[in-house]
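To be precise, the following lines are data25.pdb, and they hold PDB, C-alpha atoms and all ligand atoms.
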```
ATOM      1  CA  MET A 137     126.577  -2.319  13.687
ATOM      2  CA  PRO A 138     126.978  -5.641  15.546
ATOM      3  CA  VAL A 139     123.811  -7.700  15.739
ATOM      4  CA  VAL A 140     123.750 -10.337  18.485
ATOM      5  CA  THR A 141     120.940 -12.867  18.787
ATOM      6  CA  ILE A 142     120.287 -14.461  22.164
ATOM      7  CA  VAL A 143     118.917 -17.918  21.741
ATOM      8  CA  ASN A 144     117.848 -21.205  23.348
ATOM      9  CA  GLN A 145     114.743 -23.269  22.603
ATOM     10  CA  LYS A 146     114.249 -23.761  26.333
ATOM     11  CA  GLY A 147     112.307 -21.169  28.301
ATOM     12  CA  GLY A 148     113.345 -19.808  31.676
ATOM     13  CA  VAL A 149     117.101 -20.188  31.128
ATOM     14  CA  GLY A 150     117.775 -16.433  31.129
ATOM     15  CA  LYS A 151     117.767 -15.251  27.490
ATOM     16  CA  THR A 152     115.776 -12.143  28.310
ATOM     17  CA  THR A 153     117.769 -11.559  31.491
ATOM     18  CA  VAL A 154     121.062 -11.610  29.574
ATOM     19  CA  ALA A 155     119.632  -9.384  26.815
ATOM     20  CA  LEU A 156     118.602  -6.793  29.422
ATOM     21  CA  GLY A 157     121.876  -7.070  31.356
ATOM     22  CA  LEU A 158     123.917  -6.532  28.183
ATOM     23  CA  ALA A 159     121.658  -3.649  27.117
ATOM     24  CA  GLU A 160     122.300  -1.964  30.462
ATOM     25  CA  ALA A 161     126.069  -2.492  30.253
ATOM     26  CA  ALA A 162     126.175  -1.043  26.739
ATOM     27  CA  ALA A 163     123.907   1.895  27.571
ATOM     28  CA  VAL A 164     125.872   3.058  30.616
ATOM     29  CA  ARG A 165     128.956   3.104  28.397
ATOM     30  CA  GLY A 166     127.166   5.517  26.093
ATOM     31  CA  ARG A 167     126.558   3.038  23.299
ATOM     32  CA  ARG A 168     123.276   3.330  21.436
ATOM     33  CA  VAL A 169     121.716  -0.070  21.952
ATOM     34  CA  LEU A 170     118.551  -1.507  20.438
ATOM     35  CA  VAL A 171     116.743  -4.515  21.914
ATOM     36  CA  ILE A 172     114.443  -6.353  19.488
ATOM     37  CA  ASP A 173     111.871  -8.457  21.347
ATOM     38  CA  LEU A 174     111.079 -11.488  19.181
ATOM     39  CA  ASP A 175     109.181 -13.342  21.918
ATOM     40  CA  PRO A 176     105.362 -13.059  21.826
ATOM     41  CA  GLN A 177     105.481 -13.222  25.629
ATOM     42  CA  GLY A 178     107.081  -9.776  25.566
ATOM     43  CA  ASN A 179     109.264 -10.117  28.663
ATOM     44  CA  ALA A 180     112.045  -7.933  27.271
ATOM     45  CA  THR A 181     109.480  -5.279  26.329
ATOM     46  CA  SER A 182     107.980  -5.138  29.819
ATOM     47  CA  GLY A 183     111.416  -5.472  31.452
ATOM     48  CA  LEU A 184     112.394  -2.334  29.542
ATOM     49  CA  GLY A 185     109.330  -0.525  30.858
ATOM     50  CA  VAL A 186     107.269  -0.426  27.662
ATOM     51  CA  TRP A 187     103.532  -1.199  27.746
ATOM     52  CA  ASP A 188     100.679  -0.822  25.284
ATOM     53  CA  ALA A 189     102.869  -0.250  22.251
ATOM     54  CA  PRO A 190     100.504   0.194  19.292
ATOM     55  CA  ALA A 191     102.787  -1.798  16.989
ATOM     56  CA  GLY A 192     105.996  -3.741  17.205
ATOM     57  CA  VAL A 193     108.330  -6.183  15.549
ATOM     58  CA  GLU A 194     105.446  -7.891  13.691
ATOM     59  CA  LEU A 195     105.219  -4.859  11.376
ATOM     60  CA  ALA A 196     108.894  -5.129  10.465
ATOM     61  CA  LEU A 197     108.453  -8.866   9.809
ATOM     62  CA  ASP A 198     105.419  -8.180   7.615
ATOM     63  CA  ALA A 199     107.279  -5.646   5.500
ATOM     64  CA  GLY A 200     110.700  -7.319   5.544
ATOM     65  CA  THR A 201     112.231  -4.378   3.696
ATOM     66  CA  PRO A 202     115.238  -2.211   4.644
ATOM     67  CA  GLY A 203     114.196   0.456   7.070
ATOM     68  CA  SER A 204     110.932  -1.188   8.071
ATOM     69  CA  LEU A 205     112.215  -1.384  11.635
ATOM     70  CA  GLN A 206     112.507   2.402  11.946
ATOM     71  CA  GLY A 207     108.807   3.053  12.460
ATOM     72  CA  VAL A 208     108.548   0.686  15.420
ATOM     73  CA  ILE A 209     111.661   1.670  17.407
ATOM     74  CA  ARG A 210     110.836   3.430  20.654
ATOM     75  CA  PRO A 211     112.786   4.531  23.722
ATOM     76  CA  SER A 212     112.653   2.206  26.715
ATOM     77  CA  GLY A 213     111.214   3.391  30.021
ATOM     78  CA  TRP A 214     114.543   2.942  31.822
ATOM     79  CA  SER A 215     116.400   5.805  33.396
ATOM     80  CA  LEU A 216     120.140   5.596  33.955
ATOM     81  CA  ALA A 217     122.353   8.155  35.670
ATOM     82  CA  THR A 218     124.969   8.025  32.911
ATOM     83  CA  GLY A 219     125.174   7.055  29.271
ATOM     84  CA  THR A 220     122.229   6.557  26.930
ATOM     85  CA  ILE A 221     118.769   5.007  27.221
ATOM     86  CA  PRO A 222     118.241   1.720  25.362
ATOM     87  CA  ASP A 223     115.760   1.657  22.491
ATOM     88  CA  VAL A 224     113.369  -1.217  21.955
ATOM     89  CA  VAL A 225     111.375  -2.774  19.152
ATOM     90  CA  PRO A 226     108.533  -4.147  21.260
ATOM     91  CA  SER A 227     106.725  -7.414  21.021
ATOM     92  CA  THR A 228     102.945  -7.004  20.861
ATOM     93  CA  PRO A 229     100.119  -9.585  21.034
ATOM     94  CA  ALA A 230      99.971  -9.527  17.205
ATOM     95  CA  LEU A 231     103.353 -11.289  17.057
ATOM     96  CA  ALA A 232     101.844 -14.547  18.323
ATOM     97  CA  SER A 233     100.165 -15.319  14.996
ATOM     98  CA  ARG A 234     103.065 -14.254  12.783
ATOM     99  CA  GLU A 235     105.096 -17.444  12.936
ATOM    100  CA  VAL A 236     102.254 -19.392  11.284
ATOM    101  CA  GLN A 237     101.729 -16.712   8.628
ATOM    102  CA  LEU A 238     105.450 -16.517   7.855
ATOM    103  CA  ALA A 239     105.466 -20.262   7.237
ATOM    104  CA  THR A 240     103.074 -19.801   4.305
ATOM    105  CA  ASP A 241     105.460 -17.496   2.404
ATOM    106  CA  PRO A 242     106.386 -19.483  -0.747
ATOM    107  CA  VAL A 243     109.797 -17.839  -1.146
ATOM    108  CA  GLY A 244     110.780 -18.486   2.439
ATOM    109  CA  ALA A 245     110.564 -16.077   5.296
ATOM    110  CA  GLN A 246     113.704 -16.664   7.250
ATOM    111  CA  ASP A 247     115.421 -13.400   6.311
ATOM    112  CA  ARG A 248     112.737 -10.784   6.847
ATOM    113  CA  LEU A 249     114.182  -9.487  10.085
ATOM    114  CA  GLU A 250     117.633  -9.375   8.498
ATOM    115  CA  ALA A 251     116.264  -7.047   5.822
ATOM    116  CA  ALA A 252     114.412  -4.913   8.356
ATOM    117  CA  VAL A 253     117.462  -4.572  10.643
ATOM    118  CA  ALA A 254     119.555  -3.245   7.765
ATOM    119  CA  GLY A 255     117.995   0.182   8.369
ATOM    120  CA  ALA A 256     118.936   0.538  12.031
ATOM    121  CA  ASP A 257     121.902   2.732  12.978
ATOM    122  CA  HIS A 258     122.568   1.657  16.561
ATOM    123  CA  ASP A 259     125.983   0.695  17.939
ATOM    124  CA  LEU A 260     124.659  -2.660  19.112
ATOM    125  CA  VAL A 261     121.497  -4.623  18.349
ATOM    126  CA  LEU A 262     120.393  -7.394  20.734
ATOM    127  CA  ILE A 263     117.682  -9.794  19.584
ATOM    128  CA  ASP A 264     115.808 -11.652  22.335
ATOM    129  CA  CYS A 265     114.355 -14.905  20.944
ATOM    130  CA  PRO A 266     111.313 -16.932  21.994
ATOM    131  CA  PRO A 267     111.805 -20.372  23.599
ATOM    132  CA  SER A 268     111.640 -22.362  20.362
ATOM    133  CA  LEU A 269     113.676 -23.001  17.218
ATOM    134  CA  GLY A 270     110.797 -21.937  14.952
ATOM    135  CA  LEU A 271     110.699 -19.270  12.258
ATOM    136  CA  LEU A 272     110.905 -16.339  14.668
ATOM    137  CA  THR A 273     114.178 -17.634  16.124
ATOM    138  CA  VAL A 274     115.420 -18.522  12.633
ATOM    139  CA  ASN A 275     114.735 -14.886  11.638
ATOM    140  CA  GLY A 276     116.733 -13.833  14.685
ATOM    141  CA  LEU A 277     119.648 -16.028  13.593
ATOM    142  CA  PHE A 278     119.601 -14.862   9.960
ATOM    143  CA  ALA A 279     119.788 -11.261  11.193
ATOM    144  CA  ALA A 280     122.766 -11.931  13.479
ATOM    145  CA  GLU A 281     126.505 -11.697  13.181
ATOM    146  CA  ARG A 282     126.833 -13.597  16.422
ATOM    147  CA  ALA A 283     124.629 -15.923  18.420
ATOM    148  CA  LEU A 284     124.794 -16.064  22.177
ATOM    149  CA  VAL A 285     123.408 -19.277  23.659
ATOM    150  CA  VAL A 286     122.185 -18.805  27.226
ATOM    151  CA  THR A 287     121.845 -21.925  29.321
ATOM    152  CA  ALA A 288     121.280 -23.073  32.871
ATOM    153  CA  PRO A 289     123.945 -25.273  34.512
ATOM    154  CA  SER A 290     122.106 -28.608  34.563
ATOM    155  CA  ALA A 291     121.968 -31.925  32.750
ATOM    156  CA  TRP A 292     118.762 -31.169  30.875
ATOM    157  CA  ALA A 293     120.118 -27.828  29.759
ATOM    158  CA  ALA A 294     123.359 -29.291  28.402
ATOM    159  CA  ASP A 295     121.478 -31.470  25.877
ATOM    160  CA  GLY A 296     119.539 -28.420  24.739
ATOM    161  CA  VAL A 297     122.770 -26.551  24.030
ATOM    162  CA  GLU A 298     123.872 -29.271  21.594
ATOM    163  CA  GLN A 299     120.579 -28.960  19.751
ATOM    164  CA  VAL A 300     120.652 -25.182  19.437
ATOM    165  CA  LEU A 301     124.309 -25.253  18.323
ATOM    166  CA  ARG A 302     123.358 -27.606  15.476
ATOM    167  CA  THR A 303     120.604 -25.222  14.387
ATOM    168  CA  ILE A 304     122.995 -22.261  14.444
ATOM    169  CA  ASP A 305     125.466 -24.261  12.319
ATOM    170  CA  ARG A 306     122.772 -25.035   9.772
ATOM    171  CA  VAL A 307     121.849 -21.356   9.433
ATOM    172  CA  SER A 308     125.504 -20.393   9.225
ATOM    173  CA  ASP A 309     126.174 -22.986   6.461
ATOM    174  CA  ARG A 310     123.408 -21.505   4.330
ATOM    175  CA  HIS A 311     124.272 -17.905   5.053
ATOM    176  CA  SER A 312     127.937 -17.154   4.255
ATOM    177  CA  GLY A 313     129.119 -18.112   7.727
ATOM    178  CA  ARG A 314     126.652 -15.892   9.583
ATOM    179  CA  PRO A 315     126.163 -16.081  12.476
ATOM    180  CA  GLY A 316     129.795 -16.824  13.335
ATOM    181  CA  THR A 317     130.976 -19.198  16.059
ATOM    182  CA  PRO A 318     128.416 -19.023  18.852
ATOM    183  CA  SER A 319     129.298 -18.215  22.440
ATOM    184  CA  ILE A 320     127.690 -19.631  25.555
ATOM    185  CA  VAL A 321     126.649 -17.863  28.753
ATOM    186  CA  VAL A 322     125.831 -20.051  31.762
ATOM    187  CA  ASN A 323     123.174 -18.233  33.772
ATOM    188  CA  SER A 324     121.646 -18.758  37.196
ATOM    189  CA  LEU A 325     124.746 -20.476  38.490
ATOM    190  CA  GLY A 326     124.019 -21.433  42.094
ATOM    191  CA  ARG A 327     126.332 -22.367  44.916
ATOM    192  CA  THR A 328     125.453 -26.057  44.628
ATOM    193  CA  ARG A 329     127.913 -28.770  43.682
ATOM    194  CA  ASP A 330     125.653 -29.766  40.789
ATOM    195  CA  GLY A 331     125.708 -26.247  39.334
ATOM    196  CA  ARG A 332     129.490 -26.080  39.533
ATOM    197  CA  TYR A 333     129.791 -29.530  37.962
ATOM    198  CA  TRP A 334     127.699 -28.546  34.934
ATOM    199  CA  TYR A 335     129.510 -25.253  34.537
ATOM    200  CA  GLU A 336     132.855 -27.108  34.475
ATOM    201  CA  GLU A 337     131.360 -29.621  32.054
ATOM    202  CA  MET A 338     130.328 -26.814  29.659
ATOM    203  CA  ALA A 339     133.747 -25.218  29.976
ATOM    204  CA  SER A 340     135.552 -28.467  29.157
ATOM    205  CA  ARG A 341     133.184 -29.231  26.266
ATOM    206  CA  TYR A 342     133.176 -25.805  24.619
ATOM    207  CA  GLY A 343     136.403 -24.198  25.851
ATOM    208  CA  ASP A 344     136.740 -20.450  25.424
ATOM    209  CA  ARG A 345     133.365 -20.253  23.750
ATOM    210  CA  VAL A 346     132.008 -20.309  27.322
ATOM    211  CA  TRP A 347     131.921 -16.751  28.602
ATOM    212  CA  PRO A 348     131.961 -15.574  32.241
ATOM    213  CA  PRO A 349     128.899 -16.938  34.103
ATOM    214  CA  ILE A 350     126.023 -15.083  35.750
ATOM    215  CA  HIS A 351     125.185 -16.277  39.255
ATOM    216  CA  GLN A 352     121.697 -16.705  40.617
ATOM    217  CA  ARG A 353     120.696 -13.588  42.538
ATOM    218  CA  ALA A 354     117.309 -12.385  43.720
ATOM    219  CA  ALA A 355     118.213  -8.835  42.664
ATOM    220  CA  ILE A 356     118.185  -9.934  39.003
ATOM    221  CA  ALA A 357     114.598 -11.174  39.123
ATOM    222  CA  GLU A 358     113.590  -8.096  41.123
ATOM    223  CA  ALA A 359     114.952  -5.632  38.580
ATOM    224  CA  ALA A 360     113.081  -7.419  35.783
ATOM    225  CA  ALA A 361     109.855  -7.515  37.792
ATOM    226  CA  GLN A 362     110.116  -3.785  38.528
ATOM    227  CA  SER A 363     111.013  -2.983  34.886
ATOM    228  CA  VAL A 364     114.169  -1.172  35.966
ATOM    229  CA  PRO A 365     117.851  -1.688  35.160
ATOM    230  CA  LEU A 366     119.957  -3.351  37.872
ATOM    231  CA  ARG A 367     121.540   0.017  38.592
ATOM    232  CA  GLY A 368     118.036   1.270  39.428
ATOM    233  CA  LEU A 369     117.916  -1.004  42.495
ATOM    234  CA  GLY A 370     120.393   1.193  44.344
ATOM    235  CA  ALA A 371     122.115  -0.502  47.263
ATOM    236  CA  ARG A 372     119.938  -3.663  47.054
ATOM    237  CA  SER A 373     122.088  -6.590  48.127
ATOM    238  CA  GLY A 374     123.448  -8.520  45.157
ATOM    239  CA  ALA A 375     122.662  -5.812  42.587
ATOM    240  CA  HIS A 376     126.227  -4.520  42.497
ATOM    241  CA  GLU A 377     127.613  -8.053  42.032
ATOM    242  CA  ALA A 378     125.112  -8.772  39.256
ATOM    243  CA  VAL A 379     126.062  -5.532  37.493
ATOM    244  CA  ALA A 380     129.729  -6.574  37.628
ATOM    245  CA  GLU A 381     128.929  -9.961  36.070
ATOM    246  CA  PHE A 382     126.922  -8.512  33.183
ATOM    247  CA  ASP A 383     129.698  -5.965  32.662
ATOM    248  CA  ALA A 384     132.149  -8.884  32.356
ATOM    249  CA  VAL A 385     129.966 -10.557  29.725
ATOM    250  CA  TYR A 386     129.680  -7.247  27.869
ATOM    251  CA  GLU A 387     133.466  -6.779  27.933
ATOM    252  CA  GLN A 388     133.826 -10.268  26.489
ATOM    253  CA  LEU A 389     131.401  -9.330  23.725
ATOM    254  CA  VAL A 390     133.416  -6.232  22.890
ATOM    255  CA  ALA A 391     136.696  -8.172  22.990
ATOM    256  CA  THR A 392     135.318 -10.782  20.581
ATOM    257  CA  GLU A 393     133.725  -8.263  18.243
ATOM    258  CA  GLY A 394     136.762  -7.995  16.006
ATOM    259  CA  THR A 395     136.716 -11.724  15.312
ATOM    260  CA  TRP A 396     133.134 -11.910  14.081
ATOM    261  CA  VAL A 397     132.536 -13.372  10.671
ATOM    262  CA  THR A 398     131.098 -10.703   8.404
ATOM    263  CA  THR A 399     129.713 -10.539   4.925
ATOM    264  CA  PRO A 400     131.016  -7.826   2.568
ATOM    265  CA  ASN A 401     127.927  -5.674   3.236
ATOM    266  CA  ALA A 402     128.026  -5.998   6.996
ATOM    267  CA  SER A 403     129.731  -3.400   9.141
ATOM    268  CA  THR A 404     131.314  -4.209  12.483
ATOM    269  CA  SER A 405     133.171  -0.943  12.731
ATOM    270  CA  ALA A 406     131.298   0.468  15.727
ATOM    271  CA  GLY A 407     133.726   1.125  18.547
ATOM    272  CA  ALA A 408     133.473   0.062  22.169
TER     273      ALA A 408
HETATM  274  N1  LIG A 501     120.729 -15.145  37.359
HETATM  275  C1  LIG A 501     119.473 -15.080  37.806
HETATM  276  N2  LIG A 501     119.198 -14.939  39.113
HETATM  277  C2  LIG A 501     117.907 -14.852  39.555
HETATM  278  N3  LIG A 501     116.828 -14.908  38.761
HETATM  279  C3  LIG A 501     117.035 -15.058  37.428
HETATM  280  C4  LIG A 501     118.351 -15.150  36.886
HETATM  281  N4  LIG A 501     118.240 -15.293  35.539
HETATM  282  C5  LIG A 501     116.917 -15.297  35.264
HETATM  283  N5  LIG A 501     116.189 -15.152  36.386
HETATM  284  C6  LIG A 501     114.710 -15.128  36.469
HETATM  285  O1  LIG A 501     114.225 -16.349  35.918
HETATM  286  C7  LIG A 501     113.091 -16.127  35.111
HETATM  287  C8  LIG A 501     113.363 -16.601  33.685
HETATM  288  O2  LIG A 501     114.393 -15.817  33.099
HETATM  289  P1  LIG A 501     114.258 -15.247  31.611
HETATM  290  O3  LIG A 501     115.411 -14.352  31.352
HETATM  291  O4  LIG A 501     112.893 -14.655  31.427
HETATM  292  O5  LIG A 501     114.377 -16.591  30.765
HETATM  293  P2  LIG A 501     114.083 -16.840  29.193
HETATM  294  O6  LIG A 501     114.096 -15.520  28.511
HETATM  295  O7  LIG A 501     115.165 -17.761  28.736
HETATM  296  O8  LIG A 501     112.724 -17.513  29.150
HETATM  297  C9  LIG A 501     112.800 -14.641  35.192
HETATM  298  O9  LIG A 501     111.847 -14.419  36.188
HETATM  299  C10 LIG A 501     114.127 -14.028  35.596
HETATM  300  O10 LIG A 501     113.980 -12.812  36.300
HETATM  301 MG    MG A 502     112.611 -14.611  27.393
END
```

Take the structure in this file and express it as structure tokens.
Ligand SMILES: Nc1ncnc2c1ncn2[C@@H]1O[C@H](COP(=O)(O)OP(=O)(O)O)[C@@H](O)[C@H]1O
Ligand SMILES: [Mg+2]
Amino acid sequence: MPVVTIVNQKGGVGKTTVALGLAEAAAVRGRRVLVIDLDPQGNATSGLGVWDAPAGVELALDAGTPGSLQGVIRPSGWSLATGTIPDVVPSTPALASREVQLATDPVGAQDRLEAAVAGADHDLVLIDCPPSLGLLTVNGLFAAERALVVTAPSAWAADGVEQVLRTIDRVSDRHSGRPGTPSIVVNSLGRTRDGRYWYEEMASRYGDRVWPPIHQRAAIAEAAAQSVPLRGLGARSGAHEAVAEFDAVYEQLVATEGTWVTTPNASTSAGA
């Protein structure tokens, strides 16, 4: 079961957007996909059409034992014409105080989500991180076989990528090489010269670790605001193009799956 954590300490770069786009691409292909919302702001939860969940990921973090995720998995509110419906472990308001409480655990609390995820039996698990490199994100990285860094194409964003890559390396060094080599998705690519310049800059700096980009399109923000998948927007202009771009990122994920670093206990045998 591949576990992919979507990360960047900056907010508004498109972590949640990419998590939802990949969830949709996987679901329409019939893969059972689980989105874990680690952000107290709960944008992935509401984007997936889930409100007023009585409990969420904070319970799994509290328990930190295998299987503790099971009780808080629920179906999303999406409907798709083909394939499966994504599942979600929602974020609830209670998550906001957990980072502080986790920090008081004398034996360290970075691997609680990793333990909790061990019970899930989905084909793909996507973890949507908050905009920080605190303990919640560190839990997301410990649970992951692969980290996906989402960034905007701009000067300020490029510095942030360096910082998050160093954090991923530090986790990986302490954790038998997990997560493996991170990949980078440039999101909200506009038609400006500046956007193209920074995309090229990322590509020359990080080579084939830079995956196909996602362009800026109003349809993407609309789908999230309406809590529907992009395919739920029908013939809305730009929706079809956005779907094709997320599909390309998903195909890249599948193509790279076989190269992920795994520990002896981890399974990456789920098919495309
Ligand atoms: N490619 C895009 N085109 C248009 N709007 C986008 C795009 N990517 C993200 N957005 C919008 O920008 C805002 C921030 O994106 P989000 O995914 O929530 O960022 P993060 O999770 O990194 O904080 C959201 O309103 C989202 O709908
Ligand atoms: Mg987000």

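Residue nearest Val149 in chain A, chosen from A:Ser290, A:Asp309, A:Val364, A:Phe382 and counting all atoms listed in the file: A:Ser290.
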
Compile a residue-level contact table for range 300-380 of chain A against range 236-248 of chain A at a cut-off of 12 Å, reporting for every qualifying residue the shortest atom pair and its distance in Å to one decimal, with all atoms listed in the file counted, rows ordered by chain and ascending number, as a tab-separated table.
```
residue	atom	partner	partner_atom	distance
A:Val307	CA	A:Gln246	CA	9.6
A:Arg310	CA	A:Gln246	CA	11.2
A:His311	CA	A:Asp247	CA	10.0
A:Arg314	CA	A:Asp247	CA	12.0
```

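Picture a line from CA of Tyr386 in chain A to CA of Glu160 in chain A; it runs 9.4 Å.
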
Do you have, as CSV, the list of residues of chain A lying at most 9 Å from ligand LIG 501 (chain A), each with its nearest atom pair and that distance in Å to one decimal, counting all atoms listed in the file and ordered by chain then number?
```
residue,atom,partner,partner_atom,distance
A:Ile142,CA,A:LIG501,O6,8.9
A:Val143,CA,A:LIG501,O7,7.9
A:Asn144,CA,A:LIG501,O7,6.9
A:Gln145,CA,A:LIG501,O7,8.3
A:Lys146,CA,A:LIG501,O7,6.5
A:Gly147,CA,A:LIG501,O8,3.8
A:Gly148,CA,A:LIG501,O8,3.5
A:Val149,CA,A:LIG501,O7,3.9
A:Gly150,CA,A:LIG501,O3,3.2
A:Lys151,CA,A:LIG501,O6,3.8
A:Thr152,CA,A:LIG501,O3,3.8
A:Thr153,CA,A:LIG501,O3,3.7
A:Val154,CA,A:LIG501,O3,6.5
A:Ala155,CA,A:LIG501,O3,7.9
A:Leu156,CA,A:LIG501,O3,8.4
A:Asp175,CA,A:LIG501,O6,8.5
A:Asn179,CA,A:LIG501,O4,6.4
A:Ala180,CA,A:LIG501,O4,7.9
A:Asp264,CA,A:LIG501,O6,7.5
A:Cys265,CA,A:LIG501,O6,7.6
A:Pro266,CA,A:LIG501,O6,7.2
A:Pro267,CA,A:LIG501,O8,6.3
A:Val286,CA,A:LIG501,O7,7.3
A:Thr287,CA,A:LIG501,O7,7.9
A:Ala288,CA,A:LIG501,N4,8.8
A:Asn323,CA,A:LIG501,N1,5.3
A:Ser324,CA,A:LIG501,N1,3.7
A:Leu325,CA,A:LIG501,N1,6.8
A:Gly326,CA,A:LIG501,N1,8.5
A:Pro349,CA,A:LIG501,N1,9.0
A:Ile350,CA,A:LIG501,N1,5.5
A:His351,CA,A:LIG501,N1,5.0
A:Gln352,CA,A:LIG501,N2,3.4
A:Arg353,CA,A:LIG501,N2,4.0
A:Ala354,CA,A:LIG501,C2,4.9
A:Ala355,CA,A:LIG501,C2,6.8
A:Ile356,CA,A:LIG501,C2,5.0
A:Ala357,CA,A:LIG501,O10,3.3
A:Glu358,CA,A:LIG501,O10,6.8
A:Ala359,CA,A:LIG501,O10,7.6
A:Ala360,CA,A:LIG501,O10,5.5
A:Ala361,CA,A:LIG501,O10,6.9
A:Ala378,CA,A:LIG501,N1,8.0
```

Expected file: the selected residues, C-alpha atoms, as a JSON list (two decimals), keeping the file's coordinate frame:
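Okay, selection-v2.json is ready:
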```json
[["chain", "number", "residue", "atom", "x", "y", "z"],
["A", 142, "ILE", "CA", 120.29, -14.46, 22.16],
["A", 143, "VAL", "CA", 118.92, -17.92, 21.74],
["A", 144, "ASN", "CA", 117.85, -21.20, 23.35],
["A", 145, "GLN", "CA", 114.74, -23.27, 22.60],
["A", 146, "LYS", "CA", 114.25, -23.76, 26.33],
["A", 147, "GLY", "CA", 112.31, -21.17, 28.30],
["A", 148, "GLY", "CA", 113.34, -19.81, 31.68],
["A", 149, "VAL", "CA", 117.10, -20.19, 31.13],
["A", 150, "GLY", "CA", 117.78, -16.43, 31.13],
["A", 151, "LYS", "CA", 117.77, -15.25, 27.49],
["A", 152, "THR", "CA", 115.78, -12.14, 28.31],
["A", 153, "THR", "CA", 117.77, -11.56, 31.49],
["A", 154, "VAL", "CA", 121.06, -11.61, 29.57],
["A", 155, "ALA", "CA", 119.63, -9.38, 26.82],
["A", 156, "LEU", "CA", 118.60, -6.79, 29.42],
["A", 175, "ASP", "CA", 109.18, -13.34, 21.92],
["A", 179, "ASN", "CA", 109.26, -10.12, 28.66],
["A", 180, "ALA", "CA", 112.04, -7.93, 27.27],
["A", 264, "ASP", "CA", 115.81, -11.65, 22.34],
["A", 265, "CYS", "CA", 114.36, -14.90, 20.94],
["A", 266, "PRO", "CA", 111.31, -16.93, 21.99],
["A", 267, "PRO", "CA", 111.80, -20.37, 23.60],
["A", 286, "VAL", "CA", 122.18, -18.80, 27.23],
["A", 287, "THR", "CA", 121.84, -21.92, 29.32],
["A", 288, "ALA", "CA", 121.28, -23.07, 32.87],
["A", 323, "ASN", "CA", 123.17, -18.23, 33.77],
["A", 324, "SER", "CA", 121.65, -18.76, 37.20],
["A", 325, "LEU", "CA", 124.75, -20.48, 38.49],
["A", 326, "GLY", "CA", 124.02, -21.43, 42.09],
["A", 349, "PRO", "CA", 128.90, -16.94, 34.10],
["A", 350, "ILE", "CA", 126.02, -15.08, 35.75],
["A", 351, "HIS", "CA", 125.18, -16.28, 39.26],
["A", 352, "GLN", "CA", 121.70, -16.70, 40.62],
["A", 353, "ARG", "CA", 120.70, -13.59, 42.54],
["A", 354, "ALA", "CA", 117.31, -12.38, 43.72],
["A", 355, "ALA", "CA", 118.21, -8.84, 42.66],
["A", 356, "ILE", "CA", 118.18, -9.93, 39.00],
["A", 357, "ALA", "CA", 114.60, -11.17, 39.12],
["A", 358, "GLU", "CA", 113.59, -8.10, 41.12],
["A", 359, "ALA", "CA", 114.95, -5.63, 38.58],
["A", 360, "ALA", "CA", 113.08, -7.42, 35.78],
["A", 361, "ALA", "CA", 109.86, -7.52, 37.79],
["A", 378, "ALA", "CA", 125.11, -8.77, 39.26]]
```

Residue contacts of Gln206 in chain A (8 Å, only C-alpha atoms) excluding same-chain residues fewer than 2 positions away, as a ChimeraX atom specification: /A:203-204,208-209,255-256

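In terms of minimum interatomic distance to ligand MG 502 (chain A), A:Asp173 ranks closest within A:Asp173, A:Gly270, A:Pro190, A:Thr392, counting only C-alpha atoms and all ligand atoms.
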
Top pick for closest residue to Ala279 in chain A, considering A:Ala391, A:Leu197, A:Ala251, A:Leu369 and counting only C-alpha atoms: A:Ala251

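CA of Ala196 in chain A to CA of Thr181 in chain A spans 15.9 Å [interatomic distance, one decimal].
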
Among listed residues A:Pro229, A:Trp214, A:Pro222, A:Leu272, nearest Ala191 in chain A (using only C-alpha atoms): A:Pro229

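Taking CA of Val261 in chain A and CA of Tyr342 in chain A as the two end points, the separation is 25.0 Å.
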